[in-house]
Amino acid sequence: MTSMTIPTGGTTGHSHEHSAAVEQAAIWFADQKEPPRPAVPALKARFGLTTLEATEALAMAQRFRIVRKAFA
């Protein structure tokens, strides 16, 4: 059986700066009446995100839209 060390403290590998960029992209995308297509390349170019960050922003944007509809 192998033992896996779980890191404590230090960094989680996520940058707050990148998280802010993802959130900013998500807010922008959720606000678009007709969002650009294809979405991932558009977010990568506009916000300087990686592919993973762009997909995270899209998922977050969808959650924003759902919450807005539920509480509008």
# chains A, B, ... in the order shown; residues from 1 in each chain; ligands from 1
call {"tool": "residues_around", "arguments": {"residues": "Glu53 in chain A", "least_positions_apart": "3", "cutoff": "12 Å", "atoms": "only C-alpha atoms", "output": "PyMOL selection string"}}
result
chain A and resi 14-15+17-26+39-41+43-45+47-50+56-60
